[in-house]
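File shown here: target-v3.txt, holding compact mmCIF, C-alpha atoms.
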# COMPACT_ATOMS: atom_id res chain seq x y z
CA MET R 90 107.06 55.93 122.22
CA SER R 91 109.34 54.30 119.67
CA ARG R 92 106.42 52.52 117.98
CA LYS R 93 104.27 55.63 117.97
CA LEU R 94 107.13 57.70 116.57
CA LYS R 95 107.59 55.18 113.76
CA LYS R 96 103.91 55.19 112.97
CA VAL R 97 103.54 58.97 112.81
CA THR R 98 106.80 59.35 110.90
CA GLN R 99 105.67 56.83 108.31
CA ARG R 100 102.37 58.65 107.95
CA TRP R 101 104.10 62.01 107.59
CA LEU R 102 106.55 60.77 104.94
CA GLU R 103 103.71 59.26 102.90
CA ILE R 104 101.82 62.54 102.99
CA GLU R 105 104.94 64.60 102.38
CA ARG R 106 105.67 62.73 99.15
CA ARG R 107 102.33 63.91 97.75
CA ALA R 108 102.39 67.41 99.29
CA THR R 109 102.75 70.40 97.01
CA ALA R 110 103.49 74.06 97.62
CA ASP R 111 99.95 74.96 96.65
CA ALA R 112 98.10 75.77 99.85
CA ALA R 113 94.76 75.41 98.08
CA ASP R 114 94.96 71.65 97.55
CA GLY R 115 95.24 70.97 101.28
CA THR R 116 98.25 68.67 101.04
CA ALA R 117 100.57 71.20 102.70
CA ALA R 118 98.23 71.54 105.67
CA ALA R 119 97.96 67.76 105.93
CA ALA R 120 101.75 67.43 105.83
CA GLU R 121 102.14 70.05 108.54
CA THR R 122 99.60 68.32 110.76
CA ALA R 123 101.39 65.02 110.25
CA LEU R 124 104.81 66.53 111.00
CA SER R 125 103.53 68.19 114.16
CA ARG R 126 102.57 64.71 115.39
CA VAL R 127 106.12 63.56 114.70
CA PHE R 128 107.57 66.39 116.78
CA ARG R 129 105.13 65.71 119.60
CA ALA R 130 106.31 62.12 119.69
CA LEU R 131 109.98 63.14 119.48
CA PRO R 132 111.72 63.59 122.85
CA MET R 133 112.61 67.22 123.50
CA PRO R 134 116.32 67.81 124.14
CA ILE R 135 117.07 68.21 127.83
CA PRO R 136 119.67 70.63 129.18
CA SER R 137 121.85 69.71 132.14
CA ALA R 138 120.40 69.97 135.63
CA ALA R 139 122.96 72.64 136.54
CA LEU R 140 121.81 75.12 133.91
CA ALA R 141 118.99 76.60 136.00
CA ASN R 142 121.20 77.20 139.03
CA ARG R 143 123.97 78.70 136.91
CA THR R 144 121.50 81.06 135.31
CA LEU R 145 119.95 82.09 138.60
CA ALA R 146 123.37 82.63 140.12
CA GLN R 147 124.25 84.94 137.27
CA LEU R 148 120.93 86.76 137.56
CA GLY R 149 121.60 87.52 141.17
CA LEU R 150 124.57 89.61 140.08
CA ALA R 151 123.34 90.97 136.77
CA THR R 152 119.83 92.17 137.49
CA GLY R 153 120.18 93.54 140.96
CA VAL R 154 117.59 91.12 142.36
CA THR R 155 117.86 91.27 146.13
CA PRO R 156 120.17 88.46 147.13
CA PRO R 157 119.24 86.27 150.08
CA PRO R 158 119.93 88.11 153.33
CA HIS R 159 123.04 87.35 155.28
CA TRP R 160 122.90 84.07 157.17
CA ALA R 161 123.42 85.86 160.49
CA TYR R 162 120.36 88.01 159.87
CA ARG R 163 118.26 84.98 159.02
CA TRP R 164 119.46 83.14 162.11
CA ALA R 165 118.68 86.16 164.31
CA VAL R 166 115.19 86.46 162.89
CA SER R 167 114.52 82.74 163.19
CA THR R 168 115.76 82.74 166.77
CA ALA R 169 113.57 85.70 167.68
CA LEU R 170 110.55 84.02 166.15
CA ALA R 171 111.34 80.77 167.93
CA LEU R 172 111.72 82.51 171.30
CA SER R 173 108.48 84.36 170.71
CA GLY R 174 106.71 81.13 169.94
CA LEU R 175 108.23 79.38 172.93
CA ALA R 176 107.29 82.20 175.28
CA THR R 177 103.76 82.15 173.95
CA ALA R 178 103.46 78.43 174.46
CA LEU R 179 104.84 78.54 178.00
CA TYR R 180 102.93 81.57 179.21
CA ALA R 181 99.78 81.39 177.11
CA PRO R 182 97.43 80.60 180.00
CA ALA R 183 98.76 83.46 182.09
CA LEU R 184 98.74 85.81 179.14
CA LEU R 185 95.20 84.95 178.23
CA SER R 186 94.09 85.52 181.77
CA SER R 187 95.52 89.01 181.64
CA LEU R 188 93.90 90.15 178.42
CA ASN R 189 93.30 93.52 179.90
CA SER R 190 97.05 93.93 180.04
CA ARG R 191 98.18 96.56 177.61
CA VAL R 192 101.28 94.56 176.72
CA THR R 193 99.30 91.47 175.78
CA ALA R 194 96.68 93.40 173.88
CA ASP R 195 99.32 95.29 171.92
CA TRP R 196 101.11 92.05 171.13
CA ILE R 197 97.97 90.45 169.76
CA VAL R 198 97.28 93.53 167.66
CA ASP R 199 100.85 93.64 166.33
CA VAL R 200 100.95 89.98 165.34
CA GLY R 201 97.48 90.11 163.86
CA ALA R 202 98.20 93.31 161.94
CA GLY R 203 101.48 91.89 160.68
CA LEU R 204 99.77 88.75 159.44
CA LEU R 205 96.99 90.72 157.76
CA VAL R 206 99.47 93.01 156.01
CA ALA R 207 101.48 90.04 154.74
CA VAL R 208 98.36 88.20 153.58
CA PHE R 209 96.89 91.20 151.77
CA HIS R 210 100.21 91.92 150.14
CA ARG R 211 100.38 88.40 148.78
CA LEU R 212 96.80 88.51 147.57
CA ALA R 213 97.47 91.81 145.80
CA ALA R 214 100.52 90.23 144.14
CA GLY R 215 98.31 87.54 142.64
CA TYR R 216 98.66 84.64 145.04
CA THR R 217 95.44 82.82 145.78
CA LEU R 218 94.25 82.56 149.35
CA TRP R 219 95.07 78.86 149.21
CA ASP R 220 98.64 79.69 148.20
CA VAL R 221 98.95 82.05 151.14
CA MET R 222 97.50 79.59 153.64
CA ALA R 223 99.56 76.69 152.34
CA ARG R 224 102.70 78.73 152.57
CA ALA R 225 101.88 80.46 155.84
CA GLY R 226 105.05 79.32 157.53
CA ALA R 227 107.23 80.17 154.55
CA THR R 228 105.39 83.47 154.14
CA ALA R 229 106.14 84.46 157.71
CA ALA R 230 109.82 83.61 157.32
CA GLU R 231 109.96 85.32 153.95
CA VAL R 232 108.33 88.43 155.35
CA MET R 233 111.04 88.68 157.96
CA ALA R 234 113.90 87.66 155.70
CA THR R 235 113.23 89.52 152.48
CA PRO R 236 111.47 92.82 153.08
CA GLN R 237 111.48 93.99 149.51
CA THR R 238 108.36 96.11 149.48
CA LEU R 239 106.77 98.64 151.75
CA GLY R 240 104.01 96.20 152.69
CA LEU R 241 106.42 93.46 153.65
CA MET R 242 108.66 95.91 155.46
CA LEU R 243 105.70 97.06 157.50
CA ALA R 244 104.78 93.47 158.32
CA THR R 245 108.38 92.86 159.36
CA VAL R 246 108.34 95.82 161.71
CA LEU R 247 105.11 94.66 163.26
CA PHE R 248 106.38 91.14 163.77
CA GLY R 249 109.55 92.54 165.32
CA LEU R 250 107.52 94.79 167.58
CA ALA R 251 105.38 91.85 168.60
CA THR R 252 108.48 89.87 169.52
CA PHE R 253 109.83 92.76 171.55
CA ARG R 254 106.54 93.17 173.34
CA VAL R 255 106.42 89.49 174.23
CA LEU R 256 109.90 89.64 175.71
CA ALA R 257 109.07 92.88 177.50
CA GLY R 258 105.84 91.37 178.70
CA LEU R 259 107.68 88.34 180.05
CA VAL R 260 110.00 90.54 182.02
CA ALA R 261 107.06 92.50 183.42
CA PHE R 262 105.15 89.27 184.02
CA GLU R 263 107.88 87.78 186.13
CA GLY R 264 107.98 90.84 188.34
CA SER R 265 104.28 91.33 188.55
CA SER R 266 101.58 89.96 190.76
CA TYR R 267 100.04 87.80 187.98
CA HIS R 268 101.28 84.67 189.65
CA ALA R 269 98.49 82.71 191.09
CA MET O 40 99.48 86.87 127.70
CA PRO O 41 98.34 83.71 129.55
CA ASP O 42 97.31 84.51 133.12
CA ARG O 43 99.92 82.27 134.67
CA ASP O 44 102.76 83.99 132.81
CA GLN O 45 101.39 87.42 133.61
CA ARG O 46 101.31 86.61 137.32
CA TRP O 47 104.86 85.30 137.35
CA VAL O 48 106.17 88.23 135.31
CA GLU O 49 104.50 90.70 137.70
CA GLN O 50 106.01 88.94 140.70
CA ALA O 51 109.41 88.79 139.06
CA LEU O 52 109.24 92.54 138.49
CA GLU O 53 108.54 92.94 142.21
CA GLY O 54 111.76 91.10 142.86
CA SER O 55 110.44 87.63 143.66
CA GLN O 56 113.24 85.17 143.11
CA GLU O 57 110.73 82.37 143.12
CA ALA O 58 109.03 83.94 140.10
CA TYR O 59 112.30 84.15 138.21
CA ARG O 60 112.98 80.49 138.99
CA HIS O 61 109.49 79.47 137.91
CA LEU O 62 109.76 81.24 134.56
CA LEU O 63 113.18 79.76 134.05
CA GLU O 64 111.99 76.22 134.76
CA LEU O 65 108.95 76.70 132.54
CA TYR O 66 110.81 77.87 129.46
CA GLN O 67 114.27 76.42 129.90
CA ARG O 68 113.65 73.29 127.84
CA PRO O 69 111.75 74.97 125.00
CA VAL O 70 114.46 77.62 124.62
CA PHE O 71 117.22 75.02 124.82
CA SER O 72 115.52 72.80 122.24
CA ILE O 73 115.35 75.68 119.76
CA VAL O 74 118.92 76.79 120.32
CA VAL O 75 120.51 73.33 120.31
CA ARG O 76 118.98 72.54 116.95
CA MET O 77 120.43 75.72 115.54
CA VAL O 78 123.96 75.36 116.90
CA ARG O 79 124.16 71.52 117.08
CA ASP O 80 126.33 71.69 120.20
CA PRO O 81 124.66 71.00 123.59
CA ALA O 82 127.33 72.77 125.67
CA LEU O 83 127.21 75.86 123.48
CA ALA O 84 123.40 75.69 123.47
CA GLU O 85 123.39 75.76 127.27
CA ASP O 86 125.61 78.85 127.30
CA LEU O 87 123.36 80.59 124.80
CA THR O 88 120.25 79.54 126.73
CA GLN O 89 121.74 81.01 129.87
CA GLU O 90 122.61 84.20 128.02
CA THR O 91 119.05 84.38 126.69
CA PHE O 92 117.49 84.23 130.14
CA VAL O 93 119.93 86.73 131.59
CA LYS O 94 119.12 89.18 128.80
CA ALA O 95 115.40 88.56 129.16
CA PHE O 96 115.27 89.02 132.91
CA ARG O 97 117.50 92.05 132.75
CA ALA O 98 115.11 93.62 130.24
CA LEU O 99 111.93 92.42 131.93
CA GLY O 100 110.98 95.94 132.89
CA SER O 101 110.64 96.89 129.25
CA PHE O 102 108.55 93.84 128.33
CA ASP O 103 105.29 94.75 126.59
CA ARG O 104 102.52 93.13 128.65
CA ASN O 105 100.29 92.96 125.57
CA ARG O 106 102.67 90.51 124.01
CA LYS O 107 103.09 86.80 124.75
CA PHE O 108 105.99 86.26 127.09
CA SER O 109 107.02 83.10 125.25
CA SER O 110 107.21 84.90 121.89
CA TRP O 111 109.28 87.65 123.43
CA LEU O 112 111.61 85.13 125.06
CA PHE O 113 111.99 83.10 121.85
CA THR O 114 112.83 86.30 119.98
CA ILE O 115 115.66 86.97 122.39
CA ALA O 116 116.84 83.36 121.98
CA HIS O 117 116.76 83.74 118.20
CA ASN O 118 118.68 87.01 118.21
CA THR O 119 121.24 85.74 120.72
CA THR O 120 121.90 82.58 118.72
CA ILE O 121 122.07 84.31 115.34
CA ASP O 122 124.43 86.95 116.74
CA HIS O 123 126.68 84.20 118.07
CA LEU O 124 126.66 82.27 114.80
CA ARG O 125 127.55 85.36 112.83
CA ARG O 126 130.41 86.22 115.17
CA LYS O 127 131.92 82.77 115.45
CA ARG O 128 131.06 81.16 112.11
CA LEU O 129 131.47 77.79 113.83
CA PRO O 130 132.34 74.91 111.47
CA THR O 131 129.69 72.78 113.15
CA VAL O 132 127.04 75.23 112.02
CA SER O 133 126.49 75.07 108.32
CA LEU O 134 124.40 77.71 106.68
CA GLU O 135 124.33 75.56 103.57
CA PRO O 136 122.67 72.18 103.20
CA ALA O 137 124.93 69.51 104.64
CA GLY O 138 126.81 67.40 102.11
CA ASP O 139 126.92 63.65 102.18
CA ASP O 140 130.20 63.64 104.02
CA GLU O 141 129.21 66.05 106.74
CA GLU O 142 128.08 64.67 110.07
CA GLY O 143 126.18 67.75 111.15
CA GLY O 144 128.00 68.06 114.45
CA SER O 145 127.99 66.03 117.63
CA LEU O 146 124.67 65.80 119.45
CA ALA O 147 125.49 64.49 122.87
CA PHE O 148 121.88 64.02 123.87
CA LEU O 149 121.42 61.31 121.30
CA ALA O 150 121.48 57.74 122.50
CA VAL O 151 123.59 56.52 119.63
CA ALA O 152 126.85 57.45 118.02
CA THR O 153 126.72 60.49 115.81
CA ASP O 154 127.66 58.57 112.72
CA PRO O 155 125.45 55.48 112.67
CA SER O 156 125.03 53.57 109.46
CA PRO O 157 121.60 53.55 107.84
CA ASP O 158 121.24 49.84 108.54
CA GLN O 159 122.12 50.44 112.17
CA LEU O 160 119.50 53.14 112.47
CA VAL O 161 116.75 51.09 110.86
CA THR O 162 117.70 47.83 112.52
CA HIS O 163 117.89 49.31 116.00
CA SER O 164 114.82 51.54 115.48
CA GLU O 165 116.66 54.69 116.57
CA LEU O 166 114.24 56.83 114.68
CA ALA O 167 114.51 59.65 117.17
CA ALA O 168 118.26 59.77 116.61
CA ALA O 169 117.74 59.69 112.84
CA LEU O 170 115.31 62.58 113.04
CA GLU O 171 117.69 64.64 115.16
CA LEU O 172 120.56 63.93 112.78
CA ALA O 173 118.38 64.90 109.83
CA LEU O 174 117.47 68.14 111.63
CA SER O 175 121.11 68.86 112.36
CA GLY O 176 121.90 68.64 108.66
CA LEU O 177 119.42 71.32 107.69
CA ARG O 178 120.13 74.98 107.26
CA VAL O 179 119.96 76.85 110.56
CA GLU O 180 116.94 78.89 109.54
CA TYR O 181 115.09 75.77 108.35
CA ALA O 182 115.74 73.90 111.61
CA GLU O 183 114.59 76.92 113.58
CA VAL O 184 111.26 77.38 111.80
CA LEU O 185 110.55 73.65 112.02
CA VAL O 186 111.07 73.66 115.80
CA LEU O 187 109.08 76.84 116.31
CA ARG O 188 106.18 75.61 114.20
CA PHE O 189 105.97 71.92 114.99
CA GLN O 190 107.42 71.64 118.48
CA GLN O 191 106.32 74.94 119.99
CA GLY O 192 103.13 75.10 117.96
CA LEU O 193 103.56 78.74 117.01
CA SER O 194 101.59 80.42 114.24
CA TYR O 195 103.14 81.78 111.07
CA GLU O 196 102.68 85.30 112.43
CA GLU O 197 104.46 84.47 115.68
CA ILE O 198 107.34 82.83 113.82
CA SER O 199 107.55 85.89 111.57
CA GLU O 200 107.71 88.12 114.64
CA ILE O 201 110.37 86.03 116.35
CA THR O 202 112.66 85.51 113.38
CA GLY O 203 112.10 88.84 111.69
CA LEU O 204 111.24 87.07 108.43
CA ALA O 205 108.37 88.13 106.22
CA LEU O 206 105.25 85.98 106.50
CA GLY O 207 105.66 84.65 102.98
CA THR O 208 109.28 83.77 103.69
CA VAL O 209 108.24 81.84 106.80
CA LYS O 210 105.80 79.75 104.76
CA THR O 211 108.40 79.15 102.06
CA HIS O 212 111.02 78.17 104.62
CA LEU O 213 108.59 75.76 106.26
CA TYR O 214 107.74 74.10 102.97
CA ARG O 215 111.39 73.73 101.97
CA ALA O 216 112.39 72.65 105.48
CA ARG O 217 109.77 69.90 105.50
CA LYS O 218 110.92 68.63 102.14
CA ALA O 219 114.58 68.78 103.15
CA LEU O 220 113.88 66.94 106.41
CA ALA O 221 111.94 64.20 104.64
CA GLU O 222 114.70 63.82 102.06
CA ALA O 223 117.41 63.74 104.75
CA LEU O 224 115.52 61.14 106.74
CA GLU O 225 114.93 58.90 103.75
CA SER O 226 118.52 59.21 102.59
CA SER O 227 119.66 58.07 106.06
CA GLY O 228 117.93 54.77 105.50
CA TRP O 229 114.42 55.44 106.72
CA ASP O 230 111.84 54.63 104.11
CA PRO O 231 108.09 54.19 104.65
CA SER O 232 107.98 51.33 102.13
CA ALA O 233 110.81 49.56 103.94
CA TYR O 234 108.95 50.07 107.22
CA ALA O 235 105.75 48.73 105.68
CA GLY O 236 107.75 45.76 104.44
CA ASN O 237 109.08 45.07 107.92
CA ARG O 238 105.60 45.01 109.37
CA ARG O 239 104.47 42.17 107.11
Would it be possible to restate this file's structure as structure tokens?
Amino acid sequence: MSRKLKKVTQRWLEIERRATADAADGTAAAAETALSRVFRALPMPIPSAALANRTLAQLGLATGVTPPPHWAYRWAVSTALALSGLATALYAPALLSSLNSRVTADWIVDVGAGLLVAVFHRLAAGYTLWDVMARAGATAAEVMATPQTLGLMLATVLFGLATFRVLAGLVAFEGSSYHA
Amino acid sequence: MPDRDQRWVEQALEGSQEAYRHLLELYQRPVFSIVVRMVRDPALAEDLTQETFVKAFRALGSFDRNRKFSSWLFTIAHNTTIDHLRRKRLPTVSLEPAGDDEEGGSLAFLAVATDPSPDQLVTHSELAAALELALSGLRVEYAEVLVLRFQQGLSYEEISEITGLALGTVKTHLYRARKALAEALESSGWDPSAYAGNRR
């Protein structure tokens, strides 16, 4: 970079010595082109790494942007999702075999509807489908943790309902005659 | 407005913190580079850069979508910096061409001392430092138009919009700023003929 900077600076200074204020003779345009090459070769000043975080921290207070939810809320949501996932994994075969069960059917509808609402909301906000798929896990957590719009709030409710239904279904399952 | 900026602005208006962070990371360095060359103090430039983004994001709801986001942001940076300079009248910010005995302020991001001798600059090839020092010695408005035009690649019209200067004044400032920068660089010891001589 040092050698390139020297080269373009030399070129610019040579042109600048001949450049006039008359735009018609082309020397001013040539000098500007040469100087733009100098600036492109010149390292841009870099602010400290802390500047972005300081600014975002101030924005959280100044603009009213929804701050991250309380840690207890996030833990509760994460735990509920984890239990739901665990229950599904443990009882999936039995659940699938009882697809005519109203509880199971409702759960599948709730989870599916919640996912569809979250996906469509993201697509409407400008995310590509790839973005949504790649961030599926983060999207699900974000849906539950930051319900900032009606669409996301609805998805949150559906996910919560699905979790409740799974737990309710487990209780009913244990006391039912579904055991082999 | 470029599609990517439009998408991020829309998401920021919906309250997406990720969008705010993305816009901040995208424009933090350009805004800082403009401001630091106007105030010649990196710590102060960071404060003013922060103030710029806070003002911009607070006023994002009133942003005209038909306008370039970058131009709008740079306008806020310009106004914020000029307001600060007028209030403080900092000695490190000269609105007159720097004299021979003025150092132009400390520029911490430079790799060399702020007062290198011409021989030291040429010998050690610290051309980048010499250019930054030459920039720091220019009038604030000259340094600003140079950065906007040659680093950010903005048109005369965009610079006129950002700085509030008439189009003709922008062109005049650019011409004089170029000449002043070349003169400052050569007077610091950098000379094309000397460089050509070194290459032989």
Which residue of O:Thr88, O:Gln190, O:Ser226, O:Thr208 approaches chain R most closely, using only C-alpha atoms:
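For chain R, the nearest of the candidates is O:Gln190.
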Residues of chain O that have any atom at most 7 Å from an atom of chain R: could you tabulate them with the shortest-distance atom pair and the distance in Å to one decimal, using only C-alpha atoms, ordered by chain and increasing number, as a Markdown table?
| residue | atom | partner | partner_atom | distance |
| --- | --- | --- | --- | --- |
| O:Arg46 | CA | R:Gly215 | CA | 6.2 |
| O:Gln50 | CA | R:Ala214 | CA | 6.6 |
| O:Gly54 | CA | R:Val154 | CA | 5.9 |
| O:Leu63 | CA | R:Ala141 | CA | 6.9 |
| O:Arg68 | CA | R:Ile135 | CA | 6.1 |
| O:Phe71 | CA | R:Pro136 | CA | 6.7 |
| O:Ser72 | CA | R:Pro134 | CA | 5.4 |
| O:Glu85 | CA | R:Pro136 | CA | 6.6 |
| O:Gln89 | CA | R:Thr144 | CA | 5.4 |
| O:Val93 | CA | R:Leu148 | CA | 6.1 |
| O:Arg97 | CA | R:Thr152 | CA | 5.3 |
| O:Phe148 | CA | R:Pro134 | CA | 6.7 |
| O:Leu166 | CA | R:Lys95 | CA | 6.9 |
| O:Ala167 | CA | R:Leu131 | CA | 6.2 |
| O:Phe189 | CA | R:Ser125 | CA | 4.5 |
| O:Gln190 | CA | R:Phe128 | CA | 5.5 |
| O:Tyr214 | CA | R:Ala110 | CA | 6.8 |
| O:Ala221 | CA | R:Leu102 | CA | 6.4 |
| O:Pro231 | CA | R:Gln99 | CA | 5.1 |
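In this model, the gap between atom CA of Tyr66 of chain O and atom CA of Ala82 of chain O comes to 17.7 Å.
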Distance atom CA of Ala116 of chain O-atom CA of Val78 of chain O, one decimal place?
11.9 Å
How many Å separate atom CA of Glu183 of chain O from atom CA of Ile121 of chain O?
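Spanning atom CA of Glu183 of chain O to atom CA of Ile121 of chain O is a straight-line distance of 10.7 Å.
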If you count all atoms listed in the file, which residues fall within 12 Å of Ser194 of chain O, apart from same-chain ones fewer than 6 positions away, as a PyMOL selection string?
(chain R and resi 121) or (chain O and resi 110+184-188+200-201+206+209-210+213)
Between O:Ala223, O:Leu204, O:Phe96, O:Trp111, single out the one closest to Glu180 of chain O, counting all atoms listed in the file.
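Nearest candidate to Glu180 of chain O out of O:Ala223, O:Leu204, O:Phe96, O:Trp111: O:Leu204.
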